[in-house]
Amino acid sequence: MTKTIKNMFSFLAVFAMLFALSTEVMAAKKSKTLKNTQKKGFVRCGVSEGVPGFSNADASGNWTGIDVDVCRAVAAAVLGDAGKVKFTPLSAKVRFTTLNSGEIDILSRNTTWTLSRDADIGLTFVGVNFYDGQGFMVRKDSGITSTSQFKSGISACTNIGTTTELNMRDFFNSKGISYEPVAFEKADEVVAAYDAGRCDTYTTDKSGLAAQRTKLKDPDAHLVLPETISKEPLGPVVRQGDSVWEDLVRWSLIVMIEAEEYGITSKNADSMKTSDNPQIKRLVGSEGDLGAAFGLDNEWSLRIIKQVGNYGESYKRNLGDTGILPDRGPNELWTKGGILYVAPVR
Amino acid sequence: MKPSKILPQALTLLFIVLIFGFFTMNAQVNMENRGIEFGFGFLKQEASFDIQFSLIEYDGSHSYARAYLVGLLNTLLVAFIGIILSTLLGIVVGIARLSPNYLIKKAAGFYVELFRNIPLLLQIFFWYFAALRALPMPEDANLLLGSSFMTIKGFYTPAPVWQNFDIFFTTLILALILIFFVNRYAKKKQEEEGKQLPKFLISVCIFVGLPLITFLSGGFDLSFSFPELKQLAKTSYTYEGGMGIPPELIALTIALTLYTATFIAENVRAGIQGIGKGQKEAAASVGLTPAQVLKLVIMPQALRIIIPPTTNQYLNLTKNSSLAAAIAYPDLVLVFAGTAMMQTGRAIEIVAITMATYLSISLTISIFMNWYNKSIAIKEK
């Protein structure tokens, strides 16, 4: 009998343990993600499986791209070293689940900000780091120069799990064109199938088209059509429920854009500390106490600018000099005719 | 039962219930924290994405539930074709491996060793990307069998256009019933008088003849719509009319068939070798031809050895068909656990539905095969 009682007690203990564990999950700490990141010593960042200019790994495993730079900026702010990022390449299909299950803390993977994603599936979009739109790529020798030349029976290659599939339907339906959607799980297979001639057109975000074009056998034999059929504001995403972390990622991105606006670059950031402009001084941390809001020191923004550079530098390095999208289009500062207009860092 | 025996079992049960309870609660709490709601209401919402290939009427204005059905039918289609083809090929190769002919034996052995030792996903990629690239563009395609075209965009073949399809269908059923009775009569005749009627020939005659007579007497009409080349742009063509089978389905079917057939062939070989040599010799000694020996003596016994492991292969083939997602064949995984899951964000619900679906398909195949196995088992008297 005593043995039975002992068994019962050990069982109660196990039950109590499980209960305690789950209540800990319930009582989400105010900034658990920030604390965990500092403890681990690296930022866990979800990126694409390879979109040149946005997030792409070279032969030795170094990640580059403007999406990658957002994660690097957060690492510079939180950990003091932009290199302390662990990148996880994700397919479009698994990206949100991976973020939601807590395997990564930032999803910076050319992801379109939409209402259903923001409000319905437990995610929060923190801003826009690239204004994009969906377009079409065709073979030059087909003679097609505009989407108005599309005819019924056209086959279109694309990725699954993206807004692309929905926009494509809206577009072809509104034109009354019947089409054959060929949707692959991975971008590399879309490129291979399109290149082989399986499809007449390849449709995705224009930035994606420009990037994927470099992977084709003969990039010059293809043409991205001028029409844009949708709005695709791409930006980093975090889990819902940790507002401090959310703010931190949002303002890391804003710092990069605002730094460009005030002409602060990775080269001149240190010398800007003695600037006369209080706005510049706040950005490089020689005035105000803005880091305290996140529980960080006051040089968090200076580190972002010094280690990653401002938005313009990041763009030039990844999309300009590489020839992928030399024309910044809407992704130019509002002062220069673009639509990059961010809240002030103050 | 003694309480000392019940208690450990009760505790184990409680423990399992608690673990499941913990996982459920954990998921619930976390979903609540992130403002995600659990429910199946999304199935009624408009899917608003199109699917390349569908056996039933579907477009983006239909619901997610309908999209699920499209994916399910596409999975069942490729599984059904794959099971039939791989069984036929498996039996032929399995018998060929035991052929006295050296060349046939070695060729069959080579095929089995090659295809069962390469990962299936690679084979699917091979058939899709390597074979696809070798196919001609629509405008360069040559005529196949008079009116079909094999192109990089798919296989285009004439589509039958029926008039009074129901009459045709009825005659077909009538023919089958007639064949059934003829066969019963032939069996009786053989048992009573020892005479063998040409059963097979008579059956074929009925099966072809009856619909033919109805057709000639104008009971139903059949015409074909032929695929025609259509120019989309200067260098871009497609076929219109007729029936188009997407290359994704073709590549997937070939890969699944060739892969699974190797395992079935080995089962067939094992089954035949499991029958004592004496059986074959005894059958030959009463004057049966080699074909009759195989059909009447060896196979009925070998089937009992072949069926159970082959059931496993059928299940494998069905589950392996989910690799379709890699080459854009819109099966259940690609359509429902892919696009639909992404659009709705309902990961838990959709994965649960998908798992339950595969489980149901597998169990159905198992039940059917177990029933078949039982029906051919030795009836102990």
# chains A, B, ... in the order shown; residues from 1 in each chain; ligands from 1

call {"tool": "residues_around", "arguments": {"residues": "stretch 30-34 of chain A", "least_positions_apart": "3", "cutoff": "7 Å", "atoms": "only C-alpha atoms", "output": "MDAnalysis selection string"}}
result
chainID A and resid 37:38 242 244:245

call {"tool": "select_by_dssp", "arguments": {"residues": "stretch 84-168 of chain B", "states": "alpha helix (DSSP H)", "output": "mmCIF file with C-alpha atoms, in the first residue's frame"}}
result
data_model
loop_
_atom_site.group_PDB
_atom_site.id
_atom_site.type_symbol
_atom_site.label_atom_id
_atom_site.label_comp_id
_atom_site.auth_asym_id
_atom_site.auth_seq_id
_atom_site.Cartn_x
_atom_site.Cartn_y
_atom_site.Cartn_z
ATOM 1 C CA ILE B 84 -2.104 -0.451 -61.186
ATOM 2 C CA LEU B 85 0.961 0.226 -63.332
ATOM 3 C CA SER B 86 3.479 -0.741 -60.667
ATOM 4 C CA THR B 87 1.597 -3.996 -59.991
ATOM 5 C CA LEU B 88 1.626 -4.951 -63.665
ATOM 6 C CA LEU B 89 5.274 -3.994 -64.092
ATOM 7 C CA GLY B 90 6.206 -5.639 -60.786
ATOM 8 C CA ILE B 91 4.645 -8.967 -61.769
ATOM 9 C CA VAL B 92 6.336 -8.959 -65.174
ATOM 10 C CA VAL B 93 9.761 -8.051 -63.748
ATOM 11 C CA GLY B 94 9.388 -10.460 -60.818
ATOM 12 C CA ILE B 95 8.685 -13.348 -63.173
ATOM 13 C CA ALA B 96 11.426 -12.156 -65.530
ATOM 14 C CA TYR B 102 20.061 -15.195 -69.071
ATOM 15 C CA LEU B 103 19.551 -11.817 -70.751
ATOM 16 C CA ILE B 104 16.005 -11.309 -69.462
ATOM 17 C CA LYS B 105 17.020 -12.408 -65.974
ATOM 18 C CA LYS B 106 19.977 -10.022 -65.796
ATOM 19 C CA ALA B 107 18.099 -7.111 -67.339
ATOM 20 C CA ALA B 108 15.316 -7.470 -64.767
ATOM 21 C CA GLY B 109 17.869 -7.744 -61.954
ATOM 22 C CA PHE B 110 19.684 -4.642 -63.182
ATOM 23 C CA TYR B 111 16.456 -2.648 -63.323
ATOM 24 C CA VAL B 112 15.478 -3.658 -59.786
ATOM 25 C CA GLU B 113 18.857 -2.858 -58.288
ATOM 26 C CA LEU B 114 19.109 0.475 -60.085
ATOM 27 C CA PHE B 115 15.676 1.895 -59.312
ATOM 28 C CA ARG B 116 15.155 0.757 -55.775
ATOM 29 C CA LEU B 120 12.581 8.619 -54.952
ATOM 30 C CA LEU B 121 12.731 12.421 -54.822
ATOM 31 C CA LEU B 122 15.806 12.372 -57.076
ATOM 32 C CA GLN B 123 14.012 10.090 -59.491
ATOM 33 C CA ILE B 124 11.037 12.446 -59.587
ATOM 34 C CA PHE B 125 13.372 15.377 -60.310
ATOM 35 C CA ALA B 131 12.924 14.331 -69.344
ATOM 36 C CA LEU B 132 11.078 17.646 -69.555
ATOM 37 C CA ARG B 133 14.009 19.454 -71.070
ATOM 38 C CA ALA B 134 14.360 16.774 -73.731
ATOM 39 C CA PHE B 165 -23.046 8.465 -72.659
ATOM 40 C CA ASP B 166 -25.533 6.771 -70.308
ATOM 41 C CA ILE B 167 -26.593 4.324 -73.043
ATOM 42 C CA PHE B 168 -22.976 3.432 -73.685
#

call {"tool": "interface_residues", "arguments": {"of": "chain B", "to": "chain A", "cutoff": "7 Å", "atoms": "only C-alpha atoms", "output": "ChimeraX atom specification"}}
result
/B:22,26,29,33-36,48-52,133,152-153,232-236,238,325-328,338-339,342-343,345

call {"tool": "residues_around", "arguments": {"residues": "A:Glu287", "least_positions_apart": "2", "cutoff": "12 Å", "atoms": "only C-alpha atoms", "output": "PyMOL selection string"}}
result
chain A and resi 272-285+289-291+298-299+301-302+345-346

call {"tool": "closest_residue", "arguments": {"among": "B:Ser225, B:Asn117, B:Gln313, B:Gln190", "to": "B:Met243", "atoms": "only C-alpha atoms"}}
result
B:Ser225

call {"tool": "select_by_dssp", "arguments": {"residues": "stretch 132-296 of chain B", "states": "strand (DSSP E or B)", "output": "PyMOL selection string"}}
result
chain B and resi 143-144+148-151+154-157+159-163+221-225+228-233+236-240+243-245

call {"tool": "residues_around", "arguments": {"residues": "B:Gly241", "least_positions_apart": "3", "cutoff": "10 Å", "atoms": "only C-alpha atoms", "output": "PyMOL selection string"}}
result
chain B and resi 156-159+224-230+244

call {"tool": "closest_residue", "arguments": {"among": "B:Val293, B:Glu349, B:Ile83, B:Tyr358", "to": "B:Ala261", "atoms": "only C-alpha atoms"}}
result
B:Ile83

call {"tool": "residues_around", "arguments": {"residues": "stretch 279-288 of chain B", "least_positions_apart": "5", "cutoff": "9 Å", "atoms": "only C-alpha atoms", "output": "ChimeraX atom specification"}}
result
/B:293-294,296-298

call {"tool": "residues_around", "arguments": {"residues": "B:Leu201", "least_positions_apart": "5", "cutoff": "12 Å", "atoms": "only C-alpha atoms", "output": "ChimeraX atom specification"}}
result
/B:179,182-183,206-209

call {"tool": "decode", "arguments": {"residues": "stretch 51-62 of chain B", "atoms": "all heavy atoms", "output": "PDB file, in the first residue's frame"}}
result
ATOM      1  N   ILE B  51      -6.151  26.291 -59.396  1.00  0.00           N
ATOM      2  CA  ILE B  51      -5.357  25.066 -59.388  1.00  0.00           C
ATOM      3  C   ILE B  51      -5.189  24.602 -60.826  1.00  0.00           C
ATOM      4  O   ILE B  51      -6.132  24.623 -61.612  1.00  0.00           O
ATOM      5  CB  ILE B  51      -6.031  23.982 -58.522  1.00  0.00           C
ATOM      6  CG1 ILE B  51      -6.168  24.479 -57.087  1.00  0.00           C
ATOM      7  CG2 ILE B  51      -5.228  22.693 -58.562  1.00  0.00           C
ATOM      8  CD1 ILE B  51      -6.959  23.565 -56.189  1.00  0.00           C
ATOM      9  N   GLN B  52      -3.965  24.184 -61.134  1.00  0.00           N
ATOM     10  CA  GLN B  52      -3.610  23.863 -62.504  1.00  0.00           C
ATOM     11  C   GLN B  52      -4.444  22.721 -63.075  1.00  0.00           C
ATOM     12  O   GLN B  52      -4.849  22.758 -64.230  1.00  0.00           O
ATOM     13  CB  GLN B  52      -2.121  23.491 -62.521  1.00  0.00           C
ATOM     14  CG  GLN B  52      -1.629  23.006 -63.853  1.00  0.00           C
ATOM     15  CD  GLN B  52      -0.407  22.142 -63.691  1.00  0.00           C
ATOM     16  OE1 GLN B  52       0.016  21.820 -62.590  1.00  0.00           O
ATOM     17  NE2 GLN B  52       0.178  21.759 -64.809  1.00  0.00           N
ATOM     18  N   PHE B  53      -4.678  21.703 -62.286  1.00  0.00           N
ATOM     19  CA  PHE B  53      -5.233  20.462 -62.820  1.00  0.00           C
ATOM     20  C   PHE B  53      -6.269  19.931 -61.848  1.00  0.00           C
ATOM     21  O   PHE B  53      -5.966  19.741 -60.677  1.00  0.00           O
ATOM     22  CB  PHE B  53      -4.089  19.457 -63.003  1.00  0.00           C
ATOM     23  CG  PHE B  53      -4.515  18.098 -63.440  1.00  0.00           C
ATOM     24  CD1 PHE B  53      -4.906  17.870 -64.745  1.00  0.00           C
ATOM     25  CD2 PHE B  53      -4.525  17.040 -62.539  1.00  0.00           C
ATOM     26  CE1 PHE B  53      -5.298  16.602 -65.146  1.00  0.00           C
ATOM     27  CE2 PHE B  53      -4.916  15.779 -62.945  1.00  0.00           C
ATOM     28  CZ  PHE B  53      -5.296  15.562 -64.249  1.00  0.00           C
ATOM     29  N   SER B  54      -7.480  19.740 -62.329  1.00  0.00           N
ATOM     30  CA  SER B  54      -8.540  19.330 -61.407  1.00  0.00           C
ATOM     31  C   SER B  54      -9.466  18.340 -62.085  1.00  0.00           C
ATOM     32  O   SER B  54      -9.785  18.465 -63.268  1.00  0.00           O
ATOM     33  CB  SER B  54      -9.318  20.559 -60.948  1.00  0.00           C
ATOM     34  OG  SER B  54     -10.512  20.155 -60.353  1.00  0.00           O
ATOM     35  N   LEU B  55      -9.912  17.331 -61.337  1.00  0.00           N
ATOM     36  CA  LEU B  55     -10.823  16.338 -61.897  1.00  0.00           C
ATOM     37  C   LEU B  55     -12.278  16.804 -61.782  1.00  0.00           C
ATOM     38  O   LEU B  55     -13.140  16.311 -62.477  1.00  0.00           O
ATOM     39  CB  LEU B  55     -10.664  14.995 -61.171  1.00  0.00           C
ATOM     40  CG  LEU B  55      -9.320  14.300 -61.383  1.00  0.00           C
ATOM     41  CD1 LEU B  55      -9.225  13.066 -60.520  1.00  0.00           C
ATOM     42  CD2 LEU B  55      -9.137  13.926 -62.845  1.00  0.00           C
ATOM     43  N   ILE B  56     -12.528  17.718 -60.852  1.00  0.00           N
ATOM     44  CA  ILE B  56     -13.870  18.255 -60.719  1.00  0.00           C
ATOM     45  C   ILE B  56     -13.836  19.737 -61.065  1.00  0.00           C
ATOM     46  O   ILE B  56     -12.765  20.329 -61.152  1.00  0.00           O
ATOM     47  CB  ILE B  56     -14.428  18.075 -59.285  1.00  0.00           C
ATOM     48  CG1 ILE B  56     -13.412  18.591 -58.265  1.00  0.00           C
ATOM     49  CG2 ILE B  56     -14.783  16.632 -59.021  1.00  0.00           C
ATOM     50  CD1 ILE B  56     -13.919  18.583 -56.859  1.00  0.00           C
ATOM     51  N   GLU B  57     -15.012  20.308 -61.244  1.00  0.00           N
ATOM     52  CA  GLU B  57     -15.059  21.715 -61.600  1.00  0.00           C
ATOM     53  C   GLU B  57     -14.547  22.547 -60.430  1.00  0.00           C
ATOM     54  O   GLU B  57     -14.999  22.385 -59.290  1.00  0.00           O
ATOM     55  CB  GLU B  57     -16.505  22.092 -61.928  1.00  0.00           C
ATOM     56  CG  GLU B  57     -16.607  23.379 -62.703  1.00  0.00           C
ATOM     57  CD  GLU B  57     -18.007  23.934 -62.642  1.00  0.00           C
ATOM     58  OE1 GLU B  57     -18.943  23.143 -62.522  1.00  0.00           O
ATOM     59  OE2 GLU B  57     -18.132  25.168 -62.694  1.00  0.00           O
ATOM     60  N   TYR B  58     -13.576  23.385 -60.710  1.00  0.00           N
ATOM     61  CA  TYR B  58     -13.027  24.216 -59.644  1.00  0.00           C
ATOM     62  C   TYR B  58     -12.432  25.495 -60.217  1.00  0.00           C
ATOM     63  O   TYR B  58     -11.764  25.465 -61.248  1.00  0.00           O
ATOM     64  CB  TYR B  58     -11.934  23.454 -58.879  1.00  0.00           C
ATOM     65  CG  TYR B  58     -11.196  24.343 -57.900  1.00  0.00           C
ATOM     66  CD1 TYR B  58     -11.699  24.539 -56.624  1.00  0.00           C
ATOM     67  CD2 TYR B  58     -10.045  25.024 -58.276  1.00  0.00           C
ATOM     68  CE1 TYR B  58     -11.068  25.382 -55.741  1.00  0.00           C
ATOM     69  CE2 TYR B  58      -9.402  25.878 -57.403  1.00  0.00           C
ATOM     70  CZ  TYR B  58      -9.915  26.052 -56.135  1.00  0.00           C
ATOM     71  OH  TYR B  58      -9.294  26.892 -55.258  1.00  0.00           O
ATOM     72  N   ASP B  59     -12.681  26.600 -59.563  1.00  0.00           N
ATOM     73  CA  ASP B  59     -11.870  27.794 -59.789  1.00  0.00           C
ATOM     74  C   ASP B  59     -11.783  28.543 -58.467  1.00  0.00           C
ATOM     75  O   ASP B  59     -12.357  28.115 -57.463  1.00  0.00           O
ATOM     76  CB  ASP B  59     -12.422  28.667 -60.927  1.00  0.00           C
ATOM     77  CG  ASP B  59     -13.759  29.277 -60.579  1.00  0.00           C
ATOM     78  OD1 ASP B  59     -13.809  30.040 -59.602  1.00  0.00           O
ATOM     79  OD2 ASP B  59     -14.756  28.995 -61.273  1.00  0.00           O
ATOM     80  N   GLY B  60     -11.067  29.629 -58.486  1.00  0.00           N
ATOM     81  CA  GLY B  60     -10.765  30.305 -57.232  1.00  0.00           C
ATOM     82  C   GLY B  60     -11.974  30.799 -56.452  1.00  0.00           C
ATOM     83  O   GLY B  60     -11.856  31.119 -55.274  1.00  0.00           O
ATOM     84  N   SER B  61     -13.142  30.841 -57.082  1.00  0.00           N
ATOM     85  CA  SER B  61     -14.307  31.341 -56.349  1.00  0.00           C
ATOM     86  C   SER B  61     -14.920  30.255 -55.472  1.00  0.00           C
ATOM     87  O   SER B  61     -15.820  30.526 -54.689  1.00  0.00           O
ATOM     88  CB  SER B  61     -15.349  31.889 -57.316  1.00  0.00           C
ATOM     89  OG  SER B  61     -15.796  30.857 -58.163  1.00  0.00           O
ATOM     90  N   HIS B  62     -14.447  29.023 -55.618  1.00  0.00           N
ATOM     91  CA  HIS B  62     -14.943  27.948 -54.757  1.00  0.00           C
ATOM     92  C   HIS B  62     -14.287  28.033 -53.374  1.00  0.00           C
ATOM     93  O   HIS B  62     -13.361  28.796 -53.158  1.00  0.00           O
ATOM     94  CB  HIS B  62     -14.674  26.587 -55.395  1.00  0.00           C
ATOM     95  CG  HIS B  62     -15.572  26.285 -56.543  1.00  0.00           C
ATOM     96  ND1 HIS B  62     -15.154  26.393 -57.848  1.00  0.00           N
ATOM     97  CD2 HIS B  62     -16.861  25.887 -56.595  1.00  0.00           C
ATOM     98  CE1 HIS B  62     -16.152  26.080 -58.659  1.00  0.00           C
ATOM     99  NE2 HIS B  62     -17.199  25.766 -57.918  1.00  0.00           N
TER     100      HIS B  62
END
